[in-house]
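Have a look at work.txt; it's compact mmCIF, C-alpha atoms:
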# COMPACT_ATOMS: atom_id res chain seq x y z
CA MET A 1 -24.60 64.99 32.18
CA SER A 2 -22.84 62.56 34.51
CA ARG A 3 -22.17 58.95 33.63
CA HIS A 4 -24.41 57.90 36.53
CA VAL A 5 -27.35 59.88 35.16
CA ARG A 6 -26.82 58.54 31.62
CA ASN A 7 -26.76 54.95 32.90
CA THR A 8 -29.91 55.54 34.92
CA HIS A 9 -31.73 56.86 31.85
CA LYS A 10 -30.53 53.91 29.78
CA LYS A 11 -31.90 51.51 32.36
CA ASP A 12 -35.22 53.37 32.40
CA ARG A 13 -35.53 52.85 28.62
CA MET A 14 -35.13 49.09 29.10
CA ARG A 15 -37.11 48.60 32.29
CA PHE A 16 -40.16 47.32 30.39
CA GLN A 17 -38.20 44.59 28.62
CA PRO A 18 -37.93 41.66 31.04
CA SER A 19 -35.58 38.76 30.40
CA ILE A 20 -34.92 35.38 31.93
CA ILE A 21 -32.31 32.66 31.51
CA VAL A 22 -32.24 29.12 32.93
CA HIS A 23 -29.53 26.46 33.10
CA GLY A 24 -29.84 22.76 33.82
CA GLY A 25 -26.29 22.07 35.00
CA ALA A 26 -22.89 21.82 33.33
CA GLY A 27 -21.09 18.57 32.69
CA PRO A 28 -21.22 15.39 30.62
CA ILE A 29 -24.63 13.90 29.87
CA LYS A 30 -23.93 10.19 29.63
CA ASP A 31 -27.33 8.99 28.48
CA ASP A 32 -29.89 10.03 25.86
CA SER A 33 -31.65 12.57 28.09
CA LEU A 34 -30.36 15.80 26.50
CA ALA A 35 -33.55 16.53 24.56
CA ALA A 36 -35.67 15.92 27.66
CA ARG A 37 -33.38 18.13 29.75
CA LEU A 38 -33.75 20.93 27.21
CA ASP A 39 -37.52 20.50 27.36
CA GLY A 40 -37.28 20.76 31.15
CA CYS A 41 -35.29 23.98 30.88
CA LYS A 42 -37.83 25.35 28.40
CA ALA A 43 -40.69 24.57 30.80
CA ALA A 44 -38.86 26.30 33.65
CA THR A 45 -38.11 29.33 31.51
CA VAL A 46 -41.74 29.65 30.47
CA ALA A 47 -42.91 29.32 34.09
CA GLY A 48 -40.72 32.23 35.12
CA TRP A 49 -41.55 34.24 32.01
CA LYS A 50 -45.28 34.06 32.66
CA ILE A 51 -44.71 35.76 35.99
CA LEU A 52 -42.59 38.49 34.38
CA GLN A 53 -45.15 39.02 31.61
CA ALA A 54 -47.86 39.49 34.22
CA GLY A 55 -45.81 42.21 35.89
CA GLY A 56 -44.46 39.97 38.64
CA THR A 57 -41.08 40.31 40.27
CA ALA A 58 -37.81 38.78 39.22
CA LEU A 59 -37.64 37.14 42.65
CA ASP A 60 -40.94 35.33 42.09
CA ALA A 61 -39.89 34.38 38.57
CA VAL A 62 -36.59 32.73 39.50
CA GLU A 63 -38.21 30.80 42.34
CA ALA A 64 -40.98 29.51 40.06
CA ALA A 65 -38.49 28.46 37.39
CA VAL A 66 -36.26 26.57 39.81
CA ILE A 67 -39.26 24.81 41.37
CA VAL A 68 -40.05 23.38 37.93
CA LEU A 69 -36.49 22.07 37.66
CA GLU A 70 -36.51 20.69 41.22
CA ASP A 71 -39.69 18.77 40.42
CA ASN A 72 -38.17 17.25 37.27
CA PRO A 73 -36.32 14.00 38.16
CA LEU A 74 -33.86 14.52 35.30
CA PHE A 75 -32.08 17.31 37.16
CA ASN A 76 -29.72 17.16 40.11
CA ALA A 77 -31.92 19.29 42.38
CA GLY A 78 -34.91 18.41 44.51
CA THR A 79 -36.38 15.17 43.16
CA GLY A 80 -33.53 13.43 41.32
CA SER A 81 -30.75 14.83 43.50
CA THR A 82 -27.56 12.83 43.52
CA LEU A 83 -26.60 10.65 46.48
CA ASN A 84 -23.88 11.17 49.05
CA SER A 85 -21.45 8.46 50.21
CA LEU A 86 -24.09 7.04 52.55
CA GLY A 87 -26.71 6.85 49.81
CA ASN A 88 -28.69 9.81 51.10
CA VAL A 89 -29.84 13.07 49.54
CA GLU A 90 -28.50 16.36 50.92
CA MET A 91 -29.44 19.49 49.00
CA ASP A 92 -28.31 23.13 48.80
CA ALA A 93 -30.16 26.16 47.45
CA ALA A 94 -30.00 29.95 47.46
CA ILE A 95 -32.00 32.89 46.20
CA MET A 96 -31.02 36.56 46.09
CA GLU A 97 -32.54 39.89 45.06
CA GLY A 98 -30.13 42.36 43.51
CA GLN A 99 -31.45 45.80 44.42
CA THR A 100 -32.06 45.05 48.11
CA LEU A 101 -29.26 42.46 48.54
CA ARG A 102 -31.74 40.30 50.42
CA ALA A 103 -30.69 36.65 50.31
CA GLY A 104 -31.72 33.30 51.69
CA ALA A 105 -29.93 29.96 51.54
CA VAL A 106 -30.16 26.43 52.88
CA ALA A 107 -27.44 23.79 52.99
CA ALA A 108 -27.29 20.01 53.50
CA VAL A 109 -31.07 19.70 53.78
CA SER A 110 -32.99 16.45 53.46
CA GLY A 111 -36.68 15.66 53.20
CA ILE A 112 -37.55 19.02 51.64
CA LYS A 113 -39.43 18.73 48.35
CA ASN A 114 -38.36 22.14 47.05
CA PRO A 115 -35.24 23.56 48.72
CA ILE A 116 -35.57 26.81 46.78
CA MET A 117 -38.91 27.47 48.54
CA LEU A 118 -37.16 27.02 51.87
CA ALA A 119 -34.37 29.38 50.80
CA ARG A 120 -37.01 31.95 49.83
CA SER A 121 -38.58 31.59 53.27
CA VAL A 122 -35.20 32.26 54.87
CA LEU A 123 -34.90 35.39 52.73
CA GLU A 124 -38.36 36.63 53.70
CA ASP A 125 -37.80 35.84 57.39
CA GLU A 126 -34.73 38.15 57.32
CA ARG A 127 -33.20 36.98 60.61
CA HIS A 128 -30.50 34.92 58.88
CA VAL A 129 -29.06 34.36 55.42
CA MET A 130 -28.31 30.63 55.66
CA LEU A 131 -29.72 27.71 57.60
CA ALA A 132 -28.29 24.19 57.44
CA ALA A 133 -29.21 20.57 58.09
CA ASP A 134 -31.55 19.93 61.04
CA GLY A 135 -31.95 23.63 61.77
CA ALA A 136 -33.19 24.21 58.23
CA SER A 137 -35.64 21.32 58.57
CA LEU A 138 -36.97 22.72 61.84
CA PHE A 139 -37.46 26.12 60.20
CA ALA A 140 -39.26 24.44 57.28
CA ARG A 141 -41.80 22.95 59.69
CA GLN A 142 -42.25 26.32 61.40
CA VAL A 143 -43.02 28.17 58.16
CA GLY A 144 -44.94 25.36 56.46
CA VAL A 145 -42.58 24.52 53.60
CA PRO A 146 -43.61 21.09 52.23
CA GLU A 147 -41.56 18.15 53.47
CA CYS A 148 -41.37 14.64 52.12
CA GLY A 149 -39.84 11.30 52.97
CA PRO A 150 -36.16 11.18 51.97
CA GLU A 151 -36.87 8.22 49.69
CA ALA A 152 -39.27 10.35 47.63
CA LEU A 153 -36.33 12.37 46.30
CA ILE A 154 -34.34 9.36 45.09
CA VAL A 155 -34.90 8.17 41.54
CA GLU A 156 -33.77 4.89 39.99
CA ARG A 157 -31.12 6.58 37.88
CA GLU A 158 -29.36 7.86 40.97
CA GLN A 159 -29.49 4.48 42.61
CA LYS A 160 -27.72 3.08 39.55
CA HIS A 161 -25.14 5.90 39.67
CA TRP A 162 -25.95 7.18 36.20
CA GLU A 163 -26.01 10.86 37.13
CA SER A 164 -23.14 13.12 36.11
CA LYS A 165 -20.87 13.96 39.02
CA HIS A 166 -21.54 17.69 38.69
CA GLY A 167 -24.92 19.31 38.26
CA THR A 168 -26.89 22.29 39.47
CA VAL A 169 -29.93 24.18 38.22
CA GLY A 170 -30.32 27.93 38.22
CA CYS A 171 -32.27 30.89 36.93
CA VAL A 172 -31.59 34.62 36.59
CA ALA A 173 -34.34 37.14 35.80
CA PHE A 174 -34.77 40.85 35.11
CA ASP A 175 -38.29 42.22 35.61
CA ALA A 176 -40.31 45.13 34.23
CA ASP A 177 -39.20 47.35 37.13
CA GLY A 178 -35.54 46.76 36.32
CA LYS A 179 -34.96 44.47 39.30
CA LEU A 180 -32.66 41.46 39.17
CA ALA A 181 -32.84 38.15 41.02
CA VAL A 182 -31.14 34.77 40.96
CA ALA A 183 -31.92 31.31 42.30
CA THR A 184 -29.72 28.21 42.36
CA SER A 185 -30.45 24.68 43.60
CA THR A 186 -28.47 21.43 43.66
CA GLY A 187 -28.12 17.96 45.06
CA GLY A 188 -24.36 18.43 45.06
CA ILE A 189 -21.74 16.06 43.68
CA PHE A 190 -22.11 12.31 43.55
CA ASN A 191 -20.68 10.32 46.47
CA LYS A 192 -19.87 13.46 48.47
CA LEU A 193 -19.13 13.22 52.16
CA PRO A 194 -22.16 13.78 54.41
CA GLY A 195 -22.35 17.43 55.38
CA ARG A 196 -20.50 18.65 52.30
CA VAL A 197 -21.77 22.06 51.17
CA GLY A 198 -21.04 23.30 47.67
CA ASP A 199 -20.98 26.69 46.02
CA SER A 200 -24.69 26.99 45.25
CA PRO A 201 -25.92 28.25 48.66
CA LEU A 202 -22.86 30.42 49.29
CA ILE A 203 -23.65 34.03 48.44
CA GLY A 204 -21.04 35.31 46.00
CA CYS A 205 -19.81 31.85 45.03
CA GLY A 206 -22.53 30.02 43.13
CA THR A 207 -25.23 32.66 43.53
CA TYR A 208 -25.06 36.45 43.54
CA ALA A 209 -27.04 39.55 42.59
CA ASN A 210 -26.71 43.28 43.08
CA ASP A 211 -27.57 46.49 41.20
CA TYR A 212 -25.21 45.63 38.33
CA GLY A 213 -26.19 42.06 37.56
CA ALA A 214 -27.07 38.59 38.77
CA ALA A 215 -25.33 35.26 38.18
CA SER A 216 -25.81 31.54 38.82
CA CYS A 217 -22.92 29.09 38.52
CA THR A 218 -22.71 25.35 37.97
CA GLY A 219 -19.82 22.91 37.91
CA HIS A 220 -17.09 21.93 40.34
CA GLY A 221 -18.29 23.62 43.51
CA GLU A 222 -15.02 23.64 45.43
CA SER A 223 -13.32 25.50 42.58
CA ILE A 224 -16.19 27.96 42.20
CA MET A 225 -15.97 28.68 45.94
CA ARG A 226 -12.25 29.42 45.78
CA LEU A 227 -12.86 31.99 43.05
CA VAL A 228 -16.07 33.50 44.49
CA LEU A 229 -17.08 33.17 40.87
CA ALA A 230 -20.59 34.65 40.78
CA LYS A 231 -19.47 37.83 42.53
CA CYS A 232 -16.45 38.13 40.24
CA ALA A 233 -18.69 37.87 37.20
CA VAL A 234 -21.02 40.59 38.49
CA ASP A 235 -17.99 42.73 39.33
CA SER A 236 -16.95 42.42 35.68
CA LEU A 237 -20.31 43.91 34.75
CA LYS A 238 -19.75 46.75 37.22
CA ASN A 239 -16.36 47.39 35.64
CA GLY A 240 -17.85 47.81 32.18
CA SER A 241 -17.93 44.33 30.60
CA ASP A 242 -21.04 43.37 28.69
CA ALA A 243 -22.90 40.25 29.77
CA PRO A 244 -21.35 37.76 27.29
CA THR A 245 -17.85 39.02 28.06
CA ALA A 246 -18.38 38.82 31.82
CA ALA A 247 -19.54 35.22 31.48
CA THR A 248 -16.55 34.30 29.33
CA LEU A 249 -14.12 35.94 31.76
CA ALA A 250 -15.59 33.94 34.63
CA ILE A 251 -15.02 30.64 32.84
CA THR A 252 -11.52 31.75 31.89
CA ASP A 253 -10.85 32.23 35.61
CA LEU A 254 -12.14 28.71 36.20
CA GLU A 255 -9.51 27.42 33.77
CA ASP A 256 -6.65 29.17 35.62
CA ASP A 257 -3.62 26.89 36.10
CA ARG A 258 -4.19 26.93 39.87
CA ILE A 259 -7.80 25.79 39.50
CA GLN A 260 -8.16 23.87 36.20
CA ALA A 261 -11.85 23.21 36.74
CA THR A 262 -14.96 22.87 34.62
CA GLY A 263 -18.27 24.61 34.90
CA GLY A 264 -20.67 27.13 33.50
CA ILE A 265 -22.41 30.39 34.33
CA ILE A 266 -25.52 32.33 33.35
CA LEU A 267 -26.03 36.02 34.09
CA ILE A 268 -28.06 39.10 33.27
CA ASP A 269 -26.82 42.68 33.55
CA ARG A 270 -28.68 45.76 34.81
CA PHE A 271 -30.03 46.48 31.32
CA GLY A 272 -31.55 43.03 30.92
CA MET A 273 -28.83 41.72 28.62
CA ILE A 274 -28.07 37.99 28.87
CA GLY A 275 -24.72 36.20 29.01
CA TYR A 276 -23.64 32.60 29.48
CA ALA A 277 -20.52 30.49 29.06
CA ARG A 278 -19.24 26.99 29.78
CA ASN A 279 -16.15 24.84 29.29
CA THR A 280 -18.01 21.54 29.54
CA THR A 281 -19.42 19.24 26.87
CA HIS A 282 -22.99 20.07 27.84
CA MET A 283 -24.98 22.75 29.66
CA PRO A 284 -28.66 23.05 28.76
CA VAL A 285 -29.52 26.76 28.64
CA CYS A 286 -32.78 28.40 27.61
CA ALA A 287 -33.75 32.04 27.69
CA ILE A 288 -36.43 34.56 26.78
CA SER A 289 -35.47 38.12 25.99
CA GLY A 290 -38.05 40.11 24.08
CA THR A 291 -40.71 37.56 23.21
CA ALA A 292 -39.00 34.46 21.78
CA LEU A 293 -37.86 31.44 23.77
CA VAL A 294 -34.47 30.31 22.53
CA VAL A 295 -32.15 27.41 23.28
CA LEU A 296 -28.75 29.01 23.79
CA ALA A 297 -26.73 25.89 24.57
CA SER A 298 -27.15 22.15 24.96

Would you mind giving the structure from this file in structure tokens?
Amino acid sequence: MSRHVRNTHKKDRMRFQPSIIVHGGAGPIKDDSLAARLDGCKAATVAGWKILQAGGTALDAVEAAVIVLEDNPLFNAGTGSTLNSLGNVEMDAAIMEGQTLRAGAVAAVSGIKNPIMLARSVLEDERHVMLAADGASLFARQVGVPECGPEALIVEREQKHWESKHGTVGCVAFDADGKLAVATSTGGIFNKLPGRVGDSPLIGCGTYANDYGAASCTGHGESIMRLVLAKCAVDSLKNGSDAPTAATLAITDLEDDRIQATGGIILIDRFGMIGYARNTTHMPVCAISGTALVVLAS
């Protein structure tokens, strides 16, 4: 029997065991919000898990989980996004389905309550992979994605510059049909130049999924872009690494002498196995694999 056939059979045996993992951003947490951030990650994980339990798709699950995080003002995504150098919010988001390689992304968007919903609309529209700035806002109005006043996304903490300089939220899921999906959303880095786009909406950099796995990254976006980190991590899975090893290798690459950056990654392989790694002081991570919700990191 060929290796391909054996792997296919192995996947079939695991196709009814969904899994999901969520992260709330990697970096220092300078206040007493860690417990609340973990609760937020738990709520997002459960929201996605309910969809998987009901037989829903991984794509629906990751979108639902990230919406929960975008609506939570503690996280640097959606409401609570960090401010650029002009004191405005500009957000990035991406979503991708592994088996079909369908993807949608938005960059430097303002006045959108849930950027991940807009990214999903780009994916479903299929004409483009990424829309940015005013063009993304115009598309949002065309497809009916909820908008809001820019001030509605700014919370007092951001105005006082208490947010960590790096932060992103993300979710990876594996559904009962063996399909993988990933979603990532961020407000970017504090005090960034207007128009700056980070790794999160760039397919292969902060967000990637294919037949072998799916990954969401968080941390210093410019460094993650240079490494095409999410794709490299999934390639490690393709080359035979298990999920924890692939995650660790990705963070090792981030620590390369030429990069010397900090960040984190979550991923799931084609058998539903979970991996995550970080080289930061904090990265809230929650997951469900089997039936139990577990806190993997804080």

| field | Contacts of stretch 187-195 of chain A at 7 Å (only C-alpha atoms; same-chain gap of 6+ positions) as a PyMOL selection string | value | chain A and resi 76-78+81-85+89-92+108+165-167

| query | At what distance in Å, to one decimal, does atom CA of A:Gly221 lie from atom CA of A:Arg258? | reply | 14.9 Å

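Minimum atom-to-atom distance to A:Lys50, evaluated using all atoms listed in the file, belongs to A:Thr291 out of A:Thr218, A:Thr291, A:Ser298, A:Thr184.
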
| message | From (-32.9, 29.2, 25.5), in the file's coordinates, out to 7 Å: which residues are reached, counting all atoms listed in the file? Answer as a PyMOL selection string. | response | chain A and resi 21+42+285-288+293-296

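Considering all atoms listed in the file, the residue among A:Ala243, A:Ala292, A:Ala105, A:Met273 positioned nearest to A:Gly206 is A:Ala105.
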
| query | Pick the closest to A:Arg278 from A:Cys171, A:Val129, A:Gly27, A:Thr45: which is it, counting all atoms listed in the file? | reply | A:Gly27

| task | Please provide the set of residues having any atom within 10 Å of A:Val172, restricted to only C-alpha atoms, with same-chain residues fewer than 5 positions apart removed, written as a count of residues only. | result | 34

| Distance query A:Arg127 at most 10 Å, all atoms listed in the file, self and fewer than 4 positions along chain excluded, as a list in words | Gly104, Val122 and Leu123 of chain A

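Remark: for A:Ala36, the closest of the candidate residues A:Phe174, A:Pro284, A:Thr57, A:Gly263 is A:Pro284 (distances computed over all atoms listed in the file).
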
| query | Got a sec: who's within 12 Å of A:Ile259, counting all atoms listed in the file, leaving out chain neighbours fewer than 2 positions off, as a ChimeraX atom specification? | reply | /A:220-227,229,251-257,261-263

| message | Could you check the closest approach to A:Val106 for each of A:Asp235, A:Glu70, A:Asp242, A:Asp199 and tell me which residue wins, using all atoms listed in the file? | response | A:Asp199

| request: Pick out the closest residue to A:Ala47 from this set: A:Leu34, A:Ala26, A:Leu237, A:Leu69. Count all atoms listed in the file. | output: A:Leu69

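The coordinates place atom CA of A:Ala297 at 13.7 Å from atom CA of A:Ala247.
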
Per-residue nearest contacts stretch 43-119 of chain A to stretch 136-146 of chain A, cut-off 9 Å, using only C-alpha atoms, as a tab-separated table:
residue	atom	partner	partner_atom	distance
A:Val106	CA	A:Ala136	CA	6.5
A:Ala107	CA	A:Ala136	CA	7.8
A:Ala108	CA	A:Ala136	CA	8.7
A:Val109	CA	A:Ala136	CA	6.7
A:Ser110	CA	A:Ser137	CA	7.5
A:Gly111	CA	A:Ser137	CA	7.9
A:Ile112	CA	A:Pro146	CA	6.4
A:Lys113	CA	A:Pro146	CA	6.2
A:Asn114	CA	A:Pro146	CA	7.4
A:Pro115	CA	A:Val145	CA	8.9
A:Met117	CA	A:Val145	CA	6.9
A:Leu118	CA	A:Val145	CA	6.2

For C-alpha atoms, I'd like the residues from the last selection saved as an mmCIF file, in the frame of the given file.
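The resulting file, again-v9.cif, is shown below:
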data_model
loop_
_atom_site.group_PDB
_atom_site.id
_atom_site.type_symbol
_atom_site.label_atom_id
_atom_site.label_comp_id
_atom_site.auth_asym_id
_atom_site.auth_seq_id
_atom_site.Cartn_x
_atom_site.Cartn_y
_atom_site.Cartn_z
ATOM 1 C CA VAL A 106 -30.160 26.430 52.880
ATOM 2 C CA ALA A 107 -27.440 23.790 52.990
ATOM 3 C CA ALA A 108 -27.290 20.010 53.500
ATOM 4 C CA VAL A 109 -31.070 19.700 53.780
ATOM 5 C CA SER A 110 -32.990 16.450 53.460
ATOM 6 C CA GLY A 111 -36.680 15.660 53.200
ATOM 7 C CA ILE A 112 -37.550 19.020 51.640
ATOM 8 C CA LYS A 113 -39.430 18.730 48.350
ATOM 9 C CA ASN A 114 -38.360 22.140 47.050
ATOM 10 C CA PRO A 115 -35.240 23.560 48.720
ATOM 11 C CA MET A 117 -38.910 27.470 48.540
ATOM 12 C CA LEU A 118 -37.160 27.020 51.870
#

Since the input is missing atoms, can you rebuild all heavy atoms for stretch 88-99 of chain A and write them as a PDB file, in the coordinates of the input?
ATOM      1  N   ASN A  88     -27.629   8.874  50.734  1.00  0.00           N
ATOM      2  CA  ASN A  88     -28.690   9.810  51.100  1.00  0.00           C
ATOM      3  C   ASN A  88     -28.639  11.069  50.247  1.00  0.00           C
ATOM      4  O   ASN A  88     -27.622  11.394  49.648  1.00  0.00           O
ATOM      5  CB  ASN A  88     -28.561  10.201  52.579  1.00  0.00           C
ATOM      6  CG  ASN A  88     -28.658   9.000  53.496  1.00  0.00           C
ATOM      7  OD1 ASN A  88     -29.457   8.096  53.264  1.00  0.00           O
ATOM      8  ND2 ASN A  88     -27.832   8.980  54.529  1.00  0.00           N
ATOM      9  N   VAL A  89     -29.745  11.790  50.239  1.00  0.00           N
ATOM     10  CA  VAL A  89     -29.840  13.070  49.540  1.00  0.00           C
ATOM     11  C   VAL A  89     -29.606  14.204  50.521  1.00  0.00           C
ATOM     12  O   VAL A  89     -30.245  14.259  51.580  1.00  0.00           O
ATOM     13  CB  VAL A  89     -31.210  13.235  48.859  1.00  0.00           C
ATOM     14  CG1 VAL A  89     -31.418  14.676  48.399  1.00  0.00           C
ATOM     15  CG2 VAL A  89     -31.341  12.282  47.681  1.00  0.00           C
ATOM     16  N   GLU A  90     -28.692  15.113  50.192  1.00  0.00           N
ATOM     17  CA  GLU A  90     -28.500  16.360  50.920  1.00  0.00           C
ATOM     18  C   GLU A  90     -28.425  17.487  49.889  1.00  0.00           C
ATOM     19  O   GLU A  90     -27.596  17.426  48.983  1.00  0.00           O
ATOM     20  CB  GLU A  90     -27.228  16.339  51.768  1.00  0.00           C
ATOM     21  CG  GLU A  90     -27.305  15.412  52.957  1.00  0.00           C
ATOM     22  CD  GLU A  90     -26.058  15.496  53.838  1.00  0.00           C
ATOM     23  OE1 GLU A  90     -24.990  15.900  53.326  1.00  0.00           O
ATOM     24  OE2 GLU A  90     -26.159  15.162  55.027  1.00  0.00           O
ATOM     25  N   MET A  91     -29.272  18.487  50.042  1.00  0.00           N
ATOM     26  CA  MET A  91     -29.440  19.490  49.000  1.00  0.00           C
ATOM     27  C   MET A  91     -29.072  20.895  49.488  1.00  0.00           C
ATOM     28  O   MET A  91     -29.182  21.200  50.674  1.00  0.00           O
ATOM     29  CB  MET A  91     -30.887  19.489  48.510  1.00  0.00           C
ATOM     30  CG  MET A  91     -31.349  18.144  47.965  1.00  0.00           C
ATOM     31  SD  MET A  91     -33.159  18.064  47.732  1.00  0.00           S
ATOM     32  CE  MET A  91     -33.739  18.088  49.444  1.00  0.00           C
ATOM     33  N   ASP A  92     -28.649  21.728  48.543  1.00  0.00           N
ATOM     34  CA  ASP A  92     -28.310  23.130  48.800  1.00  0.00           C
ATOM     35  C   ASP A  92     -29.135  24.012  47.870  1.00  0.00           C
ATOM     36  O   ASP A  92     -29.422  23.624  46.727  1.00  0.00           O
ATOM     37  CB  ASP A  92     -26.833  23.415  48.518  1.00  0.00           C
ATOM     38  CG  ASP A  92     -25.886  22.529  49.307  1.00  0.00           C
ATOM     39  OD1 ASP A  92     -26.261  22.088  50.400  1.00  0.00           O
ATOM     40  OD2 ASP A  92     -24.764  22.293  48.812  1.00  0.00           O
ATOM     41  N   ALA A  93     -29.459  25.208  48.315  1.00  0.00           N
ATOM     42  CA  ALA A  93     -30.160  26.160  47.450  1.00  0.00           C
ATOM     43  C   ALA A  93     -29.983  27.575  47.975  1.00  0.00           C
ATOM     44  O   ALA A  93     -29.763  27.778  49.181  1.00  0.00           O
ATOM     45  CB  ALA A  93     -31.659  25.822  47.373  1.00  0.00           C
ATOM     46  N   ALA A  94     -30.089  28.538  47.066  1.00  0.00           N
ATOM     47  CA  ALA A  94     -30.000  29.950  47.460  1.00  0.00           C
ATOM     48  C   ALA A  94     -30.801  30.802  46.501  1.00  0.00           C
ATOM     49  O   ALA A  94     -30.975  30.456  45.323  1.00  0.00           O
ATOM     50  CB  ALA A  94     -28.547  30.421  47.491  1.00  0.00           C
ATOM     51  N   ILE A  95     -31.272  31.922  47.008  1.00  0.00           N
ATOM     52  CA  ILE A  95     -32.000  32.890  46.200  1.00  0.00           C
ATOM     53  C   ILE A  95     -31.602  34.284  46.665  1.00  0.00           C
ATOM     54  O   ILE A  95     -31.372  34.505  47.862  1.00  0.00           O
ATOM     55  CB  ILE A  95     -33.520  32.657  46.317  1.00  0.00           C
ATOM     56  CG1 ILE A  95     -34.303  33.520  45.323  1.00  0.00           C
ATOM     57  CG2 ILE A  95     -34.006  32.855  47.747  1.00  0.00           C
ATOM     58  CD1 ILE A  95     -35.776  33.093  45.202  1.00  0.00           C
ATOM     59  N   MET A  96     -31.484  35.220  45.728  1.00  0.00           N
ATOM     60  CA  MET A  96     -31.020  36.560  46.090  1.00  0.00           C
ATOM     61  C   MET A  96     -31.656  37.601  45.176  1.00  0.00           C
ATOM     62  O   MET A  96     -31.843  37.378  43.981  1.00  0.00           O
ATOM     63  CB  MET A  96     -29.497  36.653  45.982  1.00  0.00           C
ATOM     64  CG  MET A  96     -28.920  37.961  46.489  1.00  0.00           C
ATOM     65  SD  MET A  96     -27.104  37.881  46.622  1.00  0.00           S
ATOM     66  CE  MET A  96     -26.777  39.457  47.424  1.00  0.00           C
ATOM     67  N   GLU A  97     -31.979  38.750  45.770  1.00  0.00           N
ATOM     68  CA  GLU A  97     -32.540  39.890  45.060  1.00  0.00           C
ATOM     69  C   GLU A  97     -31.479  40.979  44.955  1.00  0.00           C
ATOM     70  O   GLU A  97     -30.883  41.366  45.962  1.00  0.00           O
ATOM     71  CB  GLU A  97     -33.772  40.409  45.796  1.00  0.00           C
ATOM     72  CG  GLU A  97     -34.523  41.511  45.074  1.00  0.00           C
ATOM     73  CD  GLU A  97     -35.752  41.922  45.847  1.00  0.00           C
ATOM     74  OE1 GLU A  97     -35.614  42.349  47.020  1.00  0.00           O
ATOM     75  OE2 GLU A  97     -36.859  41.817  45.292  1.00  0.00           O
ATOM     76  N   GLY A  98     -31.251  41.464  43.746  1.00  0.00           N
ATOM     77  CA  GLY A  98     -30.130  42.360  43.510  1.00  0.00           C
ATOM     78  C   GLY A  98     -30.241  43.724  44.161  1.00  0.00           C
ATOM     79  O   GLY A  98     -29.316  44.184  44.836  1.00  0.00           O
ATOM     80  N   GLN A  99     -31.359  44.410  43.971  1.00  0.00           N
ATOM     81  CA  GLN A  99     -31.450  45.800  44.420  1.00  0.00           C
ATOM     82  C   GLN A  99     -31.428  45.926  45.947  1.00  0.00           C
ATOM     83  O   GLN A  99     -30.878  46.880  46.494  1.00  0.00           O
ATOM     84  CB  GLN A  99     -32.716  46.447  43.855  1.00  0.00           C
ATOM     85  CG  GLN A  99     -32.530  47.053  42.461  1.00  0.00           C
ATOM     86  CD  GLN A  99     -32.205  46.017  41.394  1.00  0.00           C
ATOM     87  OE1 GLN A  99     -32.404  44.826  41.582  1.00  0.00           O
ATOM     88  NE2 GLN A  99     -31.695  46.478  40.254  1.00  0.00           N
TER      89      GLN A  99
END
